[in-house]
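Visitor: Provided herewith: target_33.tsv, TSV, C-alpha atoms.
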chain	number	residue	atom	x	y	z
H	21	MET	CA	-121.01	-34.37	-143.82
H	22	ASP	CA	-122.37	-37.23	-141.76
H	23	ALA	CA	-120.41	-37.61	-138.52
H	24	HIS	CA	-120.66	-41.42	-138.71
H	25	THR	CA	-118.79	-41.59	-142.01
H	26	SER	CA	-115.95	-39.30	-140.95
H	27	ASP	CA	-114.54	-40.82	-137.77
H	28	GLY	CA	-111.08	-40.54	-139.27
H	29	ALA	CA	-111.52	-36.79	-139.73
H	30	PHE	CA	-112.49	-36.32	-136.06
H	31	ARG	CA	-109.45	-38.31	-134.99
H	32	ARG	CA	-107.12	-36.34	-137.29
H	33	GLY	CA	-108.52	-33.08	-135.92
H	34	PHE	CA	-108.11	-34.29	-132.35
H	35	LEU	CA	-104.47	-35.24	-133.00
H	36	ALA	CA	-103.68	-32.00	-134.87
H	37	MET	CA	-104.14	-30.13	-131.56
H	38	VAL	CA	-101.84	-32.43	-129.54
H	39	PRO	CA	-98.69	-30.25	-130.01
H	40	LEU	CA	-100.46	-27.48	-128.08
H	41	TRP	CA	-101.40	-29.65	-125.08
H	42	LEU	CA	-98.02	-29.04	-123.45
H	43	GLY	CA	-98.82	-25.33	-123.47
H	44	VAL	CA	-102.45	-25.67	-122.43
H	45	VAL	CA	-102.13	-28.03	-119.47
H	46	PRO	CA	-99.88	-25.85	-117.26
H	47	PHE	CA	-102.19	-22.88	-117.84
H	48	ALA	CA	-105.31	-24.82	-116.92
H	49	LEU	CA	-103.52	-26.05	-113.78
H	50	ALA	CA	-102.47	-22.51	-112.91
H	51	TYR	CA	-105.98	-21.22	-113.57
H	52	ALA	CA	-107.48	-23.81	-111.21
H	53	VAL	CA	-104.96	-22.99	-108.47
H	54	THR	CA	-105.70	-19.27	-108.88
H	55	ALA	CA	-109.46	-19.89	-108.78
H	56	ARG	CA	-109.12	-21.97	-105.63
H	57	GLY	CA	-107.00	-19.25	-104.05
H	58	ALA	CA	-109.69	-16.72	-104.95
H	59	GLY	CA	-112.21	-18.73	-102.93
H	60	LEU	CA	-114.11	-20.43	-105.77
H	61	SER	CA	-115.46	-23.95	-105.20
H	62	LEU	CA	-114.51	-26.91	-107.40
H	63	VAL	CA	-117.91	-26.76	-109.12
H	64	GLU	CA	-117.55	-23.03	-109.81
H	65	THR	CA	-113.96	-23.43	-111.07
H	66	GLN	CA	-114.99	-26.29	-113.35
H	67	ALA	CA	-118.13	-24.49	-114.56
H	68	LEU	CA	-116.03	-21.59	-115.86
H	69	SER	CA	-113.81	-24.01	-117.83
H	70	ALA	CA	-116.76	-26.01	-119.18
H	71	LEU	CA	-119.17	-23.16	-120.01
H	72	VAL	CA	-117.00	-20.11	-120.75
H	73	PHE	CA	-113.95	-22.06	-122.01
H	74	ALA	CA	-111.73	-19.01	-122.60
H	75	GLY	CA	-108.40	-19.03	-120.76
H	76	SER	CA	-107.56	-15.35	-120.58
H	77	ALA	CA	-111.14	-14.40	-119.63
H	78	GLN	CA	-111.26	-17.08	-116.93
H	79	PHE	CA	-107.97	-15.92	-115.39
H	80	THR	CA	-109.13	-12.31	-115.42
H	81	ALA	CA	-112.57	-13.13	-114.00
H	82	VAL	CA	-111.07	-15.12	-111.13
H	83	GLY	CA	-108.84	-12.17	-110.25
H	84	LEU	CA	-111.85	-9.86	-110.33
H	85	PHE	CA	-113.92	-12.26	-108.17
H	86	ALA	CA	-111.09	-12.27	-105.61
H	87	ALA	CA	-111.02	-8.46	-105.66
H	88	GLY	CA	-114.78	-8.37	-105.03
H	89	SER	CA	-115.61	-6.69	-108.36
H	90	ALA	CA	-119.21	-6.21	-109.46
H	91	GLY	CA	-120.65	-8.92	-111.72
H	92	ALA	CA	-121.43	-6.40	-114.45
H	93	SER	CA	-117.80	-5.29	-114.69
H	94	ILE	CA	-116.65	-8.94	-114.89
H	95	VAL	CA	-119.11	-9.58	-117.75
H	96	LEU	CA	-118.00	-6.42	-119.59
H	97	THR	CA	-114.31	-7.37	-119.22
H	98	THR	CA	-115.13	-10.83	-120.57
H	99	LEU	CA	-116.81	-9.24	-123.60
H	100	LEU	CA	-113.76	-7.03	-124.28
H	101	LEU	CA	-111.46	-10.05	-124.05
H	102	ASN	CA	-113.61	-12.35	-126.20
H	103	ILE	CA	-115.06	-10.09	-128.90
H	104	ARG	CA	-112.15	-11.12	-131.16
H	105	HIS	CA	-113.89	-14.48	-131.68
H	106	LEU	CA	-116.31	-12.63	-133.97
H	107	LEU	CA	-113.56	-12.55	-136.62
H	108	TYR	CA	-112.73	-16.23	-136.13
H	109	GLY	CA	-116.41	-17.15	-136.54
H	110	VAL	CA	-116.73	-15.30	-139.84
H	111	SER	CA	-113.54	-16.93	-141.14
H	112	VAL	CA	-114.43	-20.46	-139.95
H	113	GLY	CA	-118.00	-20.08	-141.24
H	114	ARG	CA	-116.68	-19.54	-144.76
H	115	GLN	CA	-113.85	-22.07	-144.66
H	116	PHE	CA	-115.95	-24.96	-143.34
H	117	ASP	CA	-119.09	-26.47	-144.81
H	118	LEU	CA	-121.40	-26.42	-141.76
H	119	SER	CA	-125.11	-27.11	-141.41
H	120	ARG	CA	-127.39	-24.84	-139.40
H	121	ARG	CA	-127.31	-27.28	-136.46
H	122	GLN	CA	-123.51	-27.64	-136.57
H	123	ARG	CA	-122.88	-23.89	-136.42
H	124	PRO	CA	-123.75	-23.28	-132.72
H	125	VAL	CA	-121.74	-26.38	-131.73
H	126	ALA	CA	-118.71	-25.22	-133.72
H	127	ALA	CA	-119.13	-21.75	-132.17
H	128	PHE	CA	-119.36	-22.94	-128.56
H	129	PHE	CA	-115.94	-24.64	-128.66
H	130	LEU	CA	-114.18	-22.02	-130.84
H	131	THR	CA	-110.87	-20.70	-129.42
H	132	ASP	CA	-107.71	-18.96	-130.64
H	133	GLU	CA	-105.92	-22.31	-130.81
H	134	ALA	CA	-108.77	-24.14	-132.58
H	135	PHE	CA	-109.07	-21.34	-135.14
H	136	GLY	CA	-105.32	-21.49	-135.68
H	137	VAL	CA	-105.01	-25.24	-136.11
H	138	ALA	CA	-108.24	-25.57	-138.13
H	139	SER	CA	-107.27	-22.73	-140.52
H	140	GLY	CA	-103.69	-23.96	-140.83
H	141	THR	CA	-104.57	-27.44	-142.07
H	142	GLY	CA	-106.25	-28.50	-145.28
H	143	GLU	CA	-109.33	-30.33	-143.99
H	144	ARG	CA	-112.70	-28.61	-144.22
H	145	THR	CA	-115.28	-30.90	-142.57
H	146	PHE	CA	-117.30	-30.41	-139.39
H	147	SER	CA	-115.89	-33.64	-137.93
H	148	PHE	CA	-112.33	-32.40	-138.32
H	149	LEU	CA	-113.17	-29.00	-136.81
H	150	LEU	CA	-114.97	-30.62	-133.88
H	151	GLY	CA	-112.00	-32.93	-133.31
H	152	VAL	CA	-109.66	-29.92	-133.14
H	153	GLU	CA	-112.01	-28.05	-130.80
H	154	LEU	CA	-112.79	-30.93	-128.41
H	155	SER	CA	-109.12	-31.90	-128.19
H	156	LEU	CA	-108.51	-28.56	-126.47
H	157	PHE	CA	-111.80	-28.56	-124.52
H	158	ILE	CA	-111.24	-31.99	-122.94
H	159	THR	CA	-107.59	-31.24	-122.10
H	160	TRP	CA	-108.47	-27.85	-120.62
H	161	ASN	CA	-111.24	-29.29	-118.45
H	162	LEU	CA	-109.32	-32.35	-117.23
H	163	ALA	CA	-106.36	-30.13	-116.31
H	164	THR	CA	-108.71	-27.69	-114.53
H	165	PHE	CA	-110.03	-30.57	-112.43
H	166	GLY	CA	-106.53	-31.90	-111.70
H	167	GLY	CA	-105.21	-28.44	-110.86
H	168	PHE	CA	-107.95	-27.79	-108.33
H	169	LEU	CA	-107.26	-31.10	-106.56
H	170	LEU	CA	-103.46	-30.71	-106.61
H	171	GLY	CA	-103.66	-27.13	-105.39
H	172	SER	CA	-100.51	-25.15	-104.75
H	173	ALA	CA	-98.13	-28.08	-105.46
H	174	ILE	CA	-98.08	-26.92	-109.11
H	175	PRO	CA	-95.18	-24.90	-110.58
H	176	ASP	CA	-95.86	-21.52	-112.17
H	177	PRO	CA	-96.10	-21.85	-116.01
H	178	THR	CA	-94.32	-18.51	-116.48
H	179	GLU	CA	-91.38	-19.78	-114.39
H	180	LEU	CA	-91.28	-22.93	-116.54
H	181	GLY	CA	-91.41	-20.75	-119.66
H	182	VAL	CA	-94.19	-22.80	-121.28
H	183	ASP	CA	-96.08	-19.55	-121.98
H	184	LEU	CA	-93.69	-19.30	-124.96
H	185	ILE	CA	-95.45	-22.27	-126.62
H	186	PHE	CA	-98.43	-20.12	-127.69
H	187	PRO	CA	-96.55	-17.45	-129.69
H	188	LEU	CA	-94.36	-20.22	-131.15
H	189	ALA	CA	-97.46	-22.16	-132.24
H	190	PHE	CA	-99.07	-19.15	-133.94
H	191	LEU	CA	-95.76	-18.26	-135.59
H	192	ALA	CA	-95.45	-21.84	-136.91
H	193	LEU	CA	-99.01	-21.64	-138.26
H	194	LEU	CA	-98.35	-18.21	-139.82
H	195	VAL	CA	-95.06	-18.89	-141.66
H	196	PRO	CA	-96.42	-21.35	-144.28
H	197	MET	CA	-99.23	-18.89	-145.13
H	198	LEU	CA	-96.79	-16.20	-146.29
H	199	ARG	CA	-96.36	-16.87	-150.01
H	200	THR	CA	-96.45	-13.34	-151.48
H	201	ARG	CA	-94.76	-10.07	-150.58
H	202	ILE	CA	-98.15	-8.57	-149.70
H	203	GLU	CA	-98.91	-11.45	-147.30
H	204	LEU	CA	-95.49	-11.02	-145.69
H	205	GLY	CA	-96.05	-7.25	-145.48
H	206	VAL	CA	-99.48	-7.69	-143.84
H	207	ALA	CA	-97.95	-10.09	-141.28
H	208	VAL	CA	-95.14	-7.64	-140.40
H	209	PHE	CA	-97.57	-4.70	-140.22
H	210	SER	CA	-99.98	-6.70	-138.01
H	211	GLY	CA	-97.21	-7.90	-135.71
H	212	LEU	CA	-95.93	-4.36	-135.15
H	213	LEU	CA	-99.41	-2.91	-134.68
H	214	ALA	CA	-100.42	-5.59	-132.15
H	215	PHE	CA	-97.17	-5.10	-130.26
H	216	GLY	CA	-97.93	-1.39	-129.92
H	217	LEU	CA	-101.64	-1.79	-129.10
H	218	HIS	CA	-100.95	-4.50	-126.51
H	219	ARG	CA	-99.30	-1.90	-124.28
H	220	ALA	CA	-102.39	0.32	-124.26
H	221	LEU	CA	-105.46	-1.97	-124.44
H	222	PRO	CA	-106.80	-5.07	-122.59
H	223	GLY	CA	-106.00	-8.57	-123.93
H	224	GLY	CA	-108.53	-9.30	-126.66
H	225	LEU	CA	-108.91	-5.86	-128.24
H	226	PRO	CA	-105.47	-5.61	-129.91
H	227	VAL	CA	-106.17	-8.92	-131.68
H	228	LEU	CA	-109.56	-7.73	-132.92
H	229	LEU	CA	-108.32	-4.29	-134.05
H	230	THR	CA	-105.17	-5.70	-135.65
H	231	GLY	CA	-107.17	-8.45	-137.35
H	232	ILE	CA	-109.45	-5.84	-138.93
H	233	ALA	CA	-106.67	-3.36	-139.83
H	234	GLY	CA	-104.31	-6.00	-141.26
H	235	SER	CA	-107.05	-7.67	-143.30
H	236	LEU	CA	-108.27	-4.33	-144.67
H	237	LEU	CA	-104.71	-3.52	-145.72
H	238	GLY	CA	-104.33	-6.90	-147.42
H	239	ALA	CA	-107.68	-6.62	-149.21
H	240	TYR	CA	-106.82	-3.11	-150.39
H	241	LEU	CA	-103.34	-4.05	-151.65
H	242	THR	CA	-104.69	-7.05	-153.59
H	243	ARG	CA	-107.74	-5.24	-155.05
H	244	HIS	CA	-106.45	-5.60	-158.64
H	245	ASP	CA	-105.37	-9.26	-158.29
H	246	PRO	CA	-107.50	-12.29	-159.23
H	247	PRO	CA	-109.68	-13.60	-156.34
H	248	PRO	CA	-107.79	-15.49	-153.63
H	249	GLU	CA	-107.70	-19.29	-153.80
H	250	SER	CA	-106.92	-21.70	-151.03
H	251	HIS	CA	-103.56	-23.44	-151.22
H	252	PRO	CA	-103.87	-26.67	-149.25
H	253	ASP	CA	-100.29	-27.61	-150.16
H	254	ASP	CA	-99.06	-24.65	-148.17
H	255	ALA	CA	-100.97	-25.54	-145.01
H	256	VAL	CA	-99.18	-26.94	-142.01
H	257	ARG	CA	-99.11	-30.73	-142.23
H	258	GLU	CA	-100.96	-32.69	-139.62
H	259	VAL	CA	-99.36	-34.57	-136.79
H	260	ALA	CA	-100.43	-38.07	-137.70
T	20	MET	CA	-124.95	-10.31	-108.39
T	21	THR	CA	-124.17	-13.91	-107.45
T	22	PHE	CA	-121.43	-16.05	-108.99
T	23	TRP	CA	-123.90	-17.97	-111.14
T	24	LEU	CA	-125.58	-14.86	-112.51
T	25	THR	CA	-122.15	-13.47	-113.42
T	26	LEU	CA	-121.23	-16.80	-115.01
T	27	ALA	CA	-124.42	-16.70	-117.09
T	28	GLY	CA	-123.45	-13.23	-118.33
T	29	MET	CA	-119.92	-14.41	-119.17
T	30	VAL	CA	-121.31	-17.39	-121.10
T	31	ALA	CA	-123.72	-15.12	-122.98
T	32	VAL	CA	-121.10	-12.60	-124.15
T	33	THR	CA	-118.52	-15.31	-124.95
T	34	PHE	CA	-120.86	-17.58	-126.89
T	35	GLY	CA	-122.44	-14.50	-128.48
T	36	SER	CA	-119.03	-13.36	-129.79
T	37	ARG	CA	-118.25	-16.85	-131.10
T	38	TYR	CA	-121.64	-17.44	-132.71
T	39	ALA	CA	-122.27	-13.97	-134.19
T	40	GLY	CA	-119.76	-14.50	-137.00
T	41	LEU	CA	-120.69	-18.14	-137.58
T	42	VAL	CA	-124.48	-17.91	-137.47
T	43	ARG	CA	-124.89	-18.04	-141.23
T	44	ARG	CA	-122.73	-18.36	-144.29
T	45	THR	CA	-123.06	-15.09	-146.13
T	46	GLU	CA	-122.27	-14.40	-149.76
T	47	LEU	CA	-119.80	-11.55	-149.72
T	48	PRO	CA	-118.57	-8.93	-152.20
T	49	GLU	CA	-115.11	-9.73	-153.57
T	50	PHE	CA	-113.38	-7.14	-151.36
T	51	TRP	CA	-114.57	-8.92	-148.23
T	52	VAL	CA	-113.55	-12.33	-149.60
T	53	ARG	CA	-110.05	-10.86	-149.95
T	54	PHE	CA	-110.38	-9.40	-146.45
T	55	LEU	CA	-111.15	-12.84	-145.00
T	56	HIS	CA	-108.15	-14.34	-146.79
T	57	PHE	CA	-105.93	-12.06	-144.69
T	58	VAL	CA	-107.73	-12.59	-141.35
T	59	PRO	CA	-105.66	-15.63	-140.24
T	60	ILE	CA	-102.44	-13.88	-141.32
T	61	ALA	CA	-103.21	-10.68	-139.39
T	62	VAL	CA	-104.63	-12.51	-136.35
T	63	PHE	CA	-101.79	-15.03	-136.03
T	64	ALA	CA	-99.21	-12.23	-136.30
T	65	SER	CA	-101.03	-10.34	-133.53
T	66	LEU	CA	-100.92	-13.44	-131.30
T	67	VAL	CA	-97.13	-13.68	-131.69
T	68	THR	CA	-95.45	-10.31	-131.13
T	69	PRO	CA	-97.09	-9.20	-127.83
T	70	TYR	CA	-96.30	-12.54	-126.16
T	71	LEU	CA	-92.70	-13.05	-127.27
T	72	GLU	CA	-91.22	-10.71	-124.69
T	73	GLY	CA	-92.37	-12.63	-121.58
T	74	ASP	CA	-92.47	-11.38	-117.99
T	75	LEU	CA	-89.04	-12.47	-116.80
T	76	GLY	CA	-86.69	-10.28	-118.88
T	77	GLU	CA	-85.80	-13.17	-121.22
T	78	TRP	CA	-86.79	-11.47	-124.48
T	79	GLY	CA	-83.40	-12.14	-126.08
T	80	ILE	CA	-83.50	-15.91	-125.86
T	81	ARG	CA	-87.28	-15.99	-126.49
T	82	VAL	CA	-86.91	-14.05	-129.76
T	83	THR	CA	-83.96	-16.28	-130.75
T	84	ALA	CA	-86.08	-19.39	-130.03
T	85	ALA	CA	-88.92	-17.91	-132.12
T	86	ALA	CA	-86.57	-17.22	-135.06
T	87	VAL	CA	-85.34	-20.83	-134.99
T	88	ALA	CA	-88.96	-22.10	-134.67
T	89	ALA	CA	-90.00	-19.95	-137.67
T	90	PHE	CA	-87.15	-21.44	-139.73
T	91	ALA	CA	-88.21	-24.96	-138.64
T	92	ALA	CA	-91.83	-24.20	-139.58
T	93	TRP	CA	-90.74	-22.92	-142.99
T	94	ARG	CA	-88.61	-25.99	-143.70
T	95	THR	CA	-90.79	-28.77	-142.23
T	96	ARG	CA	-94.36	-27.33	-142.18
T	97	GLN	CA	-94.84	-29.41	-139.02
T	98	LEU	CA	-96.38	-27.60	-136.07
T	99	TRP	CA	-94.95	-29.94	-133.45
T	100	VAL	CA	-91.42	-29.79	-134.93
T	101	ALA	CA	-91.46	-25.98	-134.81
T	102	ILE	CA	-92.68	-25.94	-131.20
T	103	ALA	CA	-90.24	-28.65	-130.09
T	104	VAL	CA	-87.24	-26.97	-131.75
T	105	GLY	CA	-88.19	-23.53	-130.40
T	106	MET	CA	-88.70	-24.78	-126.83
T	107	ALA	CA	-85.47	-26.79	-126.97
T	108	VAL	CA	-83.52	-23.66	-127.97
T	109	PHE	CA	-85.26	-21.66	-125.22
T	110	TRP	CA	-84.72	-24.18	-122.42
T	111	LEU	CA	-81.10	-24.89	-123.40
T	112	SER	CA	-80.39	-21.14	-123.47
T	113	ARG	CA	-81.75	-20.85	-119.94
T	114	ILE	CA	-79.19	-23.23	-118.48
T	115	PRO	CA	-76.63	-21.10	-116.62
T	116	PHE	CA	-73.01	-21.78	-117.59
Please lay out the structure from this file as structure tokens.

Guide:
Amino acid sequence: MDAHTSDGAFRRGFLAMVPLWLGVVPFALAYAVTARGAGLSLVETQALSALVFAGSAQFTAVGLFAAGSAGASIVLTTLLLNIRHLLYGVSVGRQFDLSRRQRPVAAFFLTDEAFGVASGTGERTFSFLLGVELSLFITWNLATFGGFLLGSAIPDPTELGVDLIFPLAFLALLVPMLRTRIELGVAVFSGLLAFGLHRALPGGLPVLLTGIAGSLLGAYLTRHDPPPESHPDDAVREVA
Amino acid sequence: MTFWLTLAGMVAVTFGSRYAGLVRRTELPEFWVRFLHFVPIAVFASLVTPYLEGDLGEWGIRVTAAAVAAFAAWRTRQLWVAIAVGMAVFWLSRIPF
């Protein structure tokens, strides 16, 4: 798909992410304040948001920098937190029609939220996916910059309760996908498994392990059914 | 190891994780096509339950807000409606009477 002929798709993707901005902005602000407190410069704080672009990994890394951890252990922790994106890449790579040049671009900006919004809507073009991804990237980076400048004048997102927006968003994306008893069963199984694993393992691993276990269960239970089709009518409707 | 060397390592493992699955579109056996159908379902569920509880002992009103948001999502299929309704229930429940 030629980007010049699908401006509307980019715009629709960009707007589809807007409901999550309210959740993202306070976290980017809090991240920047934490990074500043840990002794990172503005350029270093911004570089993590622009080049790594992974909230939980950035928060963790900043804490480890402050504690004087070795670089190798920070990189390994980042890998453990972010390895779950492997599953998102495989899923997005099959759902979207991407050229060889578009694939690394789509991969660079891929996040939990982008995977969620892009999978939950019906559009399947690169322009739409890029709109979804950049909507989060630009917001995250502008809020990082603002947070560093504003410093400690910013309220704690956990105190505000806006951390609840993320589970609510993924729940809202999940509900319309549950059309059969097996799909409902896989969702319940995955929710319980992740809840248990979360107590024992670092951030990203429960998502990866649950994603694999839940999907294996679903594939096994539907092994005698006709091949799955997409149901665009059941996807979450877009904002605009 | 300097900050920038560590950053380079973080970028490498993060981009590597994101790109490894996307690098090429592979033709898959039917079992794995079914597997991929369930990936968003399993992943989204695993991004809900661990984060509902919260750190401030408010699990009761957070779970209530999530139940209302799930109902709103089921009825409207609108992401922003579900989030707005859920957060409204949560914030109103927080007001001390």

Visitor: Report the closest atom pair, with its distance in Å rounded to one decimal, for each residue of chain H that has an atom no farther than 6 Å from chain T; count only C-alpha atoms, sort by chain and then rising residue number, and write it as CSV.

Guide:
residue,atom,partner,partner_atom,distance
H:Pro39,CA,T:Trp99,CA,5.1
H:Val72,CA,T:Val30,CA,5.1
H:Gly91,CA,T:Thr25,CA,5.1
H:Val95,CA,T:Met29,CA,5.1
H:Leu99,CA,T:Val32,CA,5.5
H:Asn102,CA,T:Thr33,CA,5.9
H:Ile103,CA,T:Ser36,CA,5.2
H:His105,CA,T:Arg37,CA,5.0
H:Leu106,CA,T:Gly40,CA,5.0
H:Gly109,CA,T:Gly40,CA,4.3
H:Val110,CA,T:Gly40,CA,4.2
H:Gly113,CA,T:Leu41,CA,4.9
H:Ala127,CA,T:Tyr38,CA,5.0
H:Phe128,CA,T:Phe34,CA,5.8
H:Pro187,CA,T:Val67,CA,4.3
H:Leu188,CA,T:Ile102,CA,6.0
H:Phe190,CA,T:Phe63,CA,5.4
H:Ala192,CA,T:Ala92,CA,5.1
H:Ala207,CA,T:Ala64,CA,5.6
H:Ser210,CA,T:Ala61,CA,5.3
H:Gly211,CA,T:Ala64,CA,4.8
H:Ala214,CA,T:Ser65,CA,5.0
H:Phe215,CA,T:Pro69,CA,4.8
H:Val227,CA,T:Ser65,CA,5.6
H:Gly231,CA,T:Val62,CA,4.9
H:Gly234,CA,T:Ala61,CA,5.2
H:Ser235,CA,T:Phe57,CA,4.7
H:Leu236,CA,T:Phe54,CA,5.8
H:Ala239,CA,T:Phe54,CA,4.8
H:Val256,CA,T:Arg96,CA,4.8
H:Arg257,CA,T:Gln97,CA,5.5

Visitor: Considering all atoms listed in the file, return as an MDAnalysis selection string whatever protein or nucleic-acid residues lie within 8 Å of Ala126 in chain H, sequence-local ones (same chain, fewer than 5 positions apart) excluded.

Guide: chainID H and resid 146 149:150 153

Visitor: Could the residues in this selection be saved with C-alpha atoms as a compact mmCIF listing (two decimals), keeping the file's coordinate frame?

Guide:
# COMPACT_ATOMS: atom_id res chain seq x y z
CA PHE H 146 -117.30 -30.41 -139.39
CA LEU H 149 -113.17 -29.00 -136.81
CA LEU H 150 -114.97 -30.62 -133.88
CA GLU H 153 -112.01 -28.05 -130.80

Visitor: Out of H:Leu35, H:Leu107, H:Ile174, H:Ala29, which residue has the shortest atom-to-atom distance to Tyr51 in chain H when counting all atoms listed in the file?

Guide: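 Closest to Tyr51 in chain H of all the choices is H:Ile174.
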
Visitor: Measuring atom to atom with all atoms listed in the file, identify which of H:Leu241, H:Leu198, H:Leu60, H:Ala70 is nearest to Thr159 in chain H.

Guide: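 Of all the options, H:Ala70 lies closest to Thr159 in chain H.
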
Visitor: CA of Val152 in chain H and CA of Arg56 in chain H, how far apart in Å?

Guide: 28.6 Å

Visitor: Please compute the CA of Pro177 in chain H-CA of Ala50 in chain H distance, one decimal, in Å.

Guide: 7.1 Å
